[in-house]
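Step one of this worksheet: look at the structure below.
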Amino acid sequence: MAKSKTILLEEAKSMGLEVTDKNTVAEITAAIAAMSQTPVEPVETGNLVVAEAGEVVQAEEAKAAKSGKRSEKGQKEAAEKQAKVEAQHHREDTDTPKEEAKPKKAVKPARSRLERRGKNFKKSAEQIEAGKLYDLKSALELAQKTSHVKFDATVELHVRLNVDPRQADQNLRDTVALPAGTGKTVRVAVADDALLAKLDKGTIDFDVLVATPQFMPKLGKYARLLGPRGLMPNPKSGTVTTDVDKAVAEAKAGRVEYRVDSTGIVHLGIGKVSFTGAQLQQNADAVLASLKSNKPNSVKGNYLNSLYLTTSMGPSIKVDPAGAL
């Protein structure tokens, strides 16, 4: 039976040993054993074990001693296994030559937009001098020459204005009558009860819808159907009027609506490639005159920033804005 620390202290002091309460039980026991030269029972204190004559060994060593030959055998087997793995790795490194680092393939630079175009487009673009500002008449003639599609393409006018569409007075929207027409067959409908019956079925067989102010409340329920298609009558576009016959005649003759987009650009078709140069010139002049007359008073400096002409699927031609207005 293990003795208490108090009894051990008294016994040590009686033997003339200098020990205090600060000494541990193991230390006192070891001191007594050394003095008496008598074996003592091992006392475990944490990770230490006190053996005979004050011998102190690590607890892990004590456990290894208890395991005996079995532990030594396991350690030997583990060492042999590790040696085999290292030998195998050594043979692989010796027998198999290391692969030489493959050179990285050169990254091809991205092709320009023109390089990604078809051969017909490239052939048309070659007729346009890069960086040159054309006068409006020459640009219209060149636009007709560079149209490479098999159908009667539309001649388009793209005008970048010095306006901020977020400002109410600079959010341009208007209509213009093209003297030579649009080159398209325009289907014009007049709002009546028969038309509402077709709209109830989702049938839309017209390009322009004209209505009187008194009939507009009945069209309100079809706003989601007509609005996204740009077919909802609007006083600014001249399609809400009391003079229905005049509105229909103007729509068939070539009245078109334009509106500046969120980036300050007006996009508008001004005719067909099959038009004469004079007809395209008349239509272009009419559009530019309308834009000039709608210049907001709050815009200072240059009003027309840039002007481009193009055809359906054709290359663009830069026009000198100074001589356009």
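Chain labels run A, B, ... following the order of the structure tokens; each chain numbers its residues from 1, and ligands are numbered from 1 in the order shown.
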
Practice task
Can you pull out every residue within 10 Å of A:Leu161, counting only C-alpha atoms, but drop anything in the same chain fewer than 6 positions away, and send it as a list of chain:residue names?
Solution key: A:Gln170, A:Leu172, A:Val260, A:Thr263, A:Gly264, A:Ile265, A:Val266, A:Leu291, A:Lys295, A:Val299, A:Asn302, A:Tyr303, A:Leu304, A:Asn305, A:Ser306, A:Leu307

Handout entry: Computed interatomic separation between atom CA of A:Asp174 and atom CA of A:Thr311 (Å)
Key =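 We find that atom CA of A:Asp174 and atom CA of A:Thr311 lie 22.9 Å from each other.
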
Practice task
Considering only C-alpha atoms, state which residue in the set A:Gly118, A:Pro233, A:Pro179, A:Gly74 is at the smallest distance from A:Gln279.
Solution key: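 Closest candidate: A:Pro179.
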
Problem - Residue nearest A:Glu257 - candidates A:Thr29, A:Asn120, A:Thr241, A:Thr182, atoms counted: only C-alpha atoms - result: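 Distance minimum relative to A:Glu257 lands on A:Thr182.
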
Problem - Residues within 12 Å of A:Gly131, only C-alpha atoms, excluding chain neighbours under 6 positions, as a list in words - result: Ser316, Ile317, Lys318, Val319 and Asp320 of chain A

Serialized selection, all heavy atoms, as a short mmCIF file (atom, residue, chain, number, x, y, z; two decimals), in the first residue's frame:
```
data_model
loop_
_atom_site.label_atom_id
_atom_site.label_comp_id
_atom_site.auth_asym_id
_atom_site.auth_seq_id
_atom_site.Cartn_x
_atom_site.Cartn_y
_atom_site.Cartn_z
N SER A 316 -19.63 49.15 -92.42
CA SER A 316 -20.06 50.51 -92.13
C SER A 316 -19.11 51.52 -92.78
O SER A 316 -17.92 51.26 -92.98
CB SER A 316 -20.11 50.74 -90.62
OG SER A 316 -18.83 50.54 -90.06
N ILE A 317 -19.67 52.68 -93.08
CA ILE A 317 -18.92 53.76 -93.73
C ILE A 317 -19.05 54.99 -92.85
O ILE A 317 -20.17 55.43 -92.52
CB ILE A 317 -19.50 54.04 -95.13
CG1 ILE A 317 -19.50 52.75 -95.97
CG2 ILE A 317 -18.70 55.13 -95.83
CD1 ILE A 317 -20.38 52.83 -97.20
N LYS A 318 -17.92 55.57 -92.48
CA LYS A 318 -17.93 56.73 -91.62
C LYS A 318 -18.13 58.00 -92.43
O LYS A 318 -17.41 58.24 -93.40
CB LYS A 318 -16.64 56.81 -90.80
CG LYS A 318 -16.69 57.82 -89.66
CD LYS A 318 -15.48 57.69 -88.75
CE LYS A 318 -15.60 58.61 -87.55
NZ LYS A 318 -14.43 58.49 -86.64
N VAL A 319 -19.11 58.81 -92.02
CA VAL A 319 -19.46 60.03 -92.74
C VAL A 319 -18.98 61.23 -91.94
O VAL A 319 -19.02 61.25 -90.71
CB VAL A 319 -20.99 60.11 -92.96
CG1 VAL A 319 -21.37 61.36 -93.75
CG2 VAL A 319 -21.49 58.85 -93.66
N ASP A 320 -18.52 62.26 -92.67
CA ASP A 320 -18.07 63.49 -92.04
C ASP A 320 -19.27 64.21 -91.42
O ASP A 320 -20.15 64.67 -92.15
CB ASP A 320 -17.40 64.39 -93.08
CG ASP A 320 -16.78 65.64 -92.45
OD1 ASP A 320 -16.83 65.76 -91.21
OD2 ASP A 320 -16.27 66.49 -93.20
#
```

Exercise for the section: Check the DSSP output for the backbone and give back, as a list in words, the residues of stretch 160-214 of chain A in strand (DSSP E). Expected result: Arg160, Leu161, Arg173, Asp174, Thr175, Val176, Ala177, Val188, Ala189, Val190, Val208, Leu209 and Val210 of chain A

For the residues in the current selection, export all heavy atoms as a short mmCIF file (atom, residue, chain, number, x, y, z; two decimals), in the first residue's frame.
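This went into again.cif:
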```cif
data_model
loop_
_atom_site.label_atom_id
_atom_site.label_comp_id
_atom_site.auth_asym_id
_atom_site.auth_seq_id
_atom_site.Cartn_x
_atom_site.Cartn_y
_atom_site.Cartn_z
N ARG A 160 -24.79 59.22 -83.78
CA ARG A 160 -24.51 59.39 -82.34
C ARG A 160 -24.61 60.87 -82.00
O ARG A 160 -23.87 61.70 -82.54
CB ARG A 160 -23.11 58.88 -81.99
CG ARG A 160 -22.79 59.00 -80.49
CD ARG A 160 -21.36 58.54 -80.19
NE ARG A 160 -21.21 57.12 -80.40
CZ ARG A 160 -21.53 56.19 -79.49
NH1 ARG A 160 -22.02 56.55 -78.31
NH2 ARG A 160 -21.35 54.92 -79.76
N LEU A 161 -25.54 61.18 -81.11
CA LEU A 161 -25.80 62.57 -80.72
C LEU A 161 -25.18 62.88 -79.37
O LEU A 161 -25.03 61.99 -78.52
CB LEU A 161 -27.31 62.83 -80.66
CG LEU A 161 -28.09 62.60 -81.97
CD1 LEU A 161 -29.59 62.75 -81.71
CD2 LEU A 161 -27.63 63.54 -83.05
N ARG A 173 -37.52 61.78 -79.35
CA ARG A 173 -38.44 60.82 -79.97
C ARG A 173 -39.35 61.61 -80.91
O ARG A 173 -39.98 62.58 -80.50
CB ARG A 173 -39.27 60.09 -78.92
CG ARG A 173 -40.22 59.06 -79.52
CD ARG A 173 -40.99 58.34 -78.43
NE ARG A 173 -41.88 57.32 -78.98
CZ ARG A 173 -42.65 56.53 -78.25
NH1 ARG A 173 -42.66 56.65 -76.92
NH2 ARG A 173 -43.42 55.63 -78.83
N ASP A 174 -39.40 61.20 -82.16
CA ASP A 174 -40.19 61.94 -83.14
C ASP A 174 -40.46 61.05 -84.35
O ASP A 174 -39.95 59.92 -84.43
CB ASP A 174 -39.47 63.22 -83.56
CG ASP A 174 -40.43 64.27 -84.11
OD1 ASP A 174 -41.64 63.97 -84.20
OD2 ASP A 174 -39.98 65.38 -84.46
N THR A 175 -41.22 61.56 -85.28
CA THR A 175 -41.48 60.87 -86.54
C THR A 175 -41.02 61.76 -87.68
O THR A 175 -40.94 62.98 -87.55
CB THR A 175 -42.98 60.56 -86.71
OG1 THR A 175 -43.72 61.80 -86.69
CG2 THR A 175 -43.47 59.65 -85.61
N VAL A 176 -40.70 61.13 -88.79
CA VAL A 176 -40.27 61.86 -89.98
C VAL A 176 -40.83 61.15 -91.20
O VAL A 176 -40.86 59.91 -91.26
CB VAL A 176 -38.74 61.96 -90.05
CG1 VAL A 176 -38.10 60.59 -90.06
CG2 VAL A 176 -38.29 62.77 -91.26
N ALA A 177 -41.31 61.95 -92.17
CA ALA A 177 -41.84 61.40 -93.41
C ALA A 177 -40.71 61.33 -94.43
O ALA A 177 -40.10 62.36 -94.77
CB ALA A 177 -42.97 62.27 -93.94
N VAL A 188 -51.18 48.98 -92.65
CA VAL A 188 -51.72 49.93 -91.68
C VAL A 188 -53.12 49.48 -91.28
O VAL A 188 -53.96 49.16 -92.14
CB VAL A 188 -51.76 51.36 -92.26
CG1 VAL A 188 -52.25 52.35 -91.19
CG2 VAL A 188 -50.38 51.77 -92.76
N ALA A 189 -53.39 49.47 -89.98
CA ALA A 189 -54.71 49.09 -89.46
C ALA A 189 -55.28 50.23 -88.64
O ALA A 189 -54.55 51.03 -88.05
CB ALA A 189 -54.60 47.83 -88.60
N VAL A 190 -56.59 50.31 -88.64
CA VAL A 190 -57.30 51.32 -87.84
C VAL A 190 -58.04 50.59 -86.73
O VAL A 190 -58.73 49.58 -86.97
CB VAL A 190 -58.29 52.12 -88.71
CG1 VAL A 190 -59.05 53.14 -87.85
CG2 VAL A 190 -57.56 52.84 -89.84
N VAL A 208 -48.51 49.02 -88.61
CA VAL A 208 -48.80 50.30 -87.95
C VAL A 208 -50.27 50.29 -87.55
O VAL A 208 -51.13 49.85 -88.32
CB VAL A 208 -48.52 51.50 -88.89
CG1 VAL A 208 -48.88 52.82 -88.19
CG2 VAL A 208 -47.07 51.51 -89.33
N LEU A 209 -50.52 50.76 -86.34
CA LEU A 209 -51.90 50.83 -85.84
C LEU A 209 -52.24 52.28 -85.55
O LEU A 209 -51.54 52.96 -84.81
CB LEU A 209 -52.05 49.99 -84.57
CG LEU A 209 -53.44 49.99 -83.92
CD1 LEU A 209 -54.49 49.44 -84.89
CD2 LEU A 209 -53.43 49.16 -82.65
N VAL A 210 -53.35 52.74 -86.15
CA VAL A 210 -53.82 54.12 -85.97
C VAL A 210 -55.11 54.08 -85.18
O VAL A 210 -55.98 53.21 -85.42
CB VAL A 210 -54.04 54.82 -87.33
CG1 VAL A 210 -54.58 56.23 -87.13
CG2 VAL A 210 -52.74 54.84 -88.13
#
```

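The protein and nucleic acid residues lying at most 10 Å from A:Ala253 are Ala177, Leu178, Pro179, Ala180, Gly181, Thr182, Gly183, Lys184, Thr185, Val186 and Ala247 of chain A, with only C-alpha atoms considered and sequence neighbours fewer than 6 positions away removed.
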
Go ahead and save the residues from that selection, with N, CA, C and O atoms, as a compact mmCIF listing (two decimals), in the first residue's frame.
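Once everything was written out, this is selection14.txt:
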```
# COMPACT_ATOMS: atom_id res chain seq x y z
N ALA A 177 -41.31 61.95 -92.17
CA ALA A 177 -41.84 61.40 -93.41
C ALA A 177 -40.71 61.33 -94.43
O ALA A 177 -40.10 62.36 -94.77
N LEU A 178 -40.39 60.14 -94.88
CA LEU A 178 -39.33 59.96 -95.87
C LEU A 178 -39.90 60.26 -97.25
O LEU A 178 -40.83 59.58 -97.70
N PRO A 179 -39.36 61.26 -97.94
CA PRO A 179 -39.91 61.65 -99.25
C PRO A 179 -39.98 60.52 -100.25
O PRO A 179 -40.94 60.43 -101.03
N ALA A 180 -38.99 59.65 -100.26
CA ALA A 180 -38.96 58.55 -101.23
C ALA A 180 -39.55 57.27 -100.67
O ALA A 180 -39.50 56.22 -101.32
N GLY A 181 -40.11 57.33 -99.46
CA GLY A 181 -40.69 56.14 -98.85
C GLY A 181 -39.61 55.25 -98.23
O GLY A 181 -38.42 55.53 -98.27
N THR A 182 -40.06 54.15 -97.65
CA THR A 182 -39.14 53.23 -96.98
C THR A 182 -38.74 52.06 -97.87
O THR A 182 -37.80 51.33 -97.55
N GLY A 183 -39.47 51.87 -98.96
CA GLY A 183 -39.20 50.72 -99.81
C GLY A 183 -39.88 49.46 -99.32
O GLY A 183 -39.69 48.38 -99.89
N LYS A 184 -40.65 49.58 -98.26
CA LYS A 184 -41.36 48.43 -97.71
C LYS A 184 -42.86 48.60 -97.92
O LYS A 184 -43.38 49.73 -97.96
N THR A 185 -43.54 47.49 -97.99
CA THR A 185 -45.00 47.52 -98.04
C THR A 185 -45.50 47.55 -96.61
O THR A 185 -45.32 46.59 -95.85
N VAL A 186 -46.09 48.68 -96.24
CA VAL A 186 -46.52 48.88 -94.85
C VAL A 186 -47.99 48.52 -94.71
O VAL A 186 -48.85 49.04 -95.45
N ALA A 247 -53.35 60.13 -91.28
CA ALA A 247 -52.36 59.30 -90.58
C ALA A 247 -52.08 58.02 -91.36
O ALA A 247 -50.93 57.57 -91.46
```
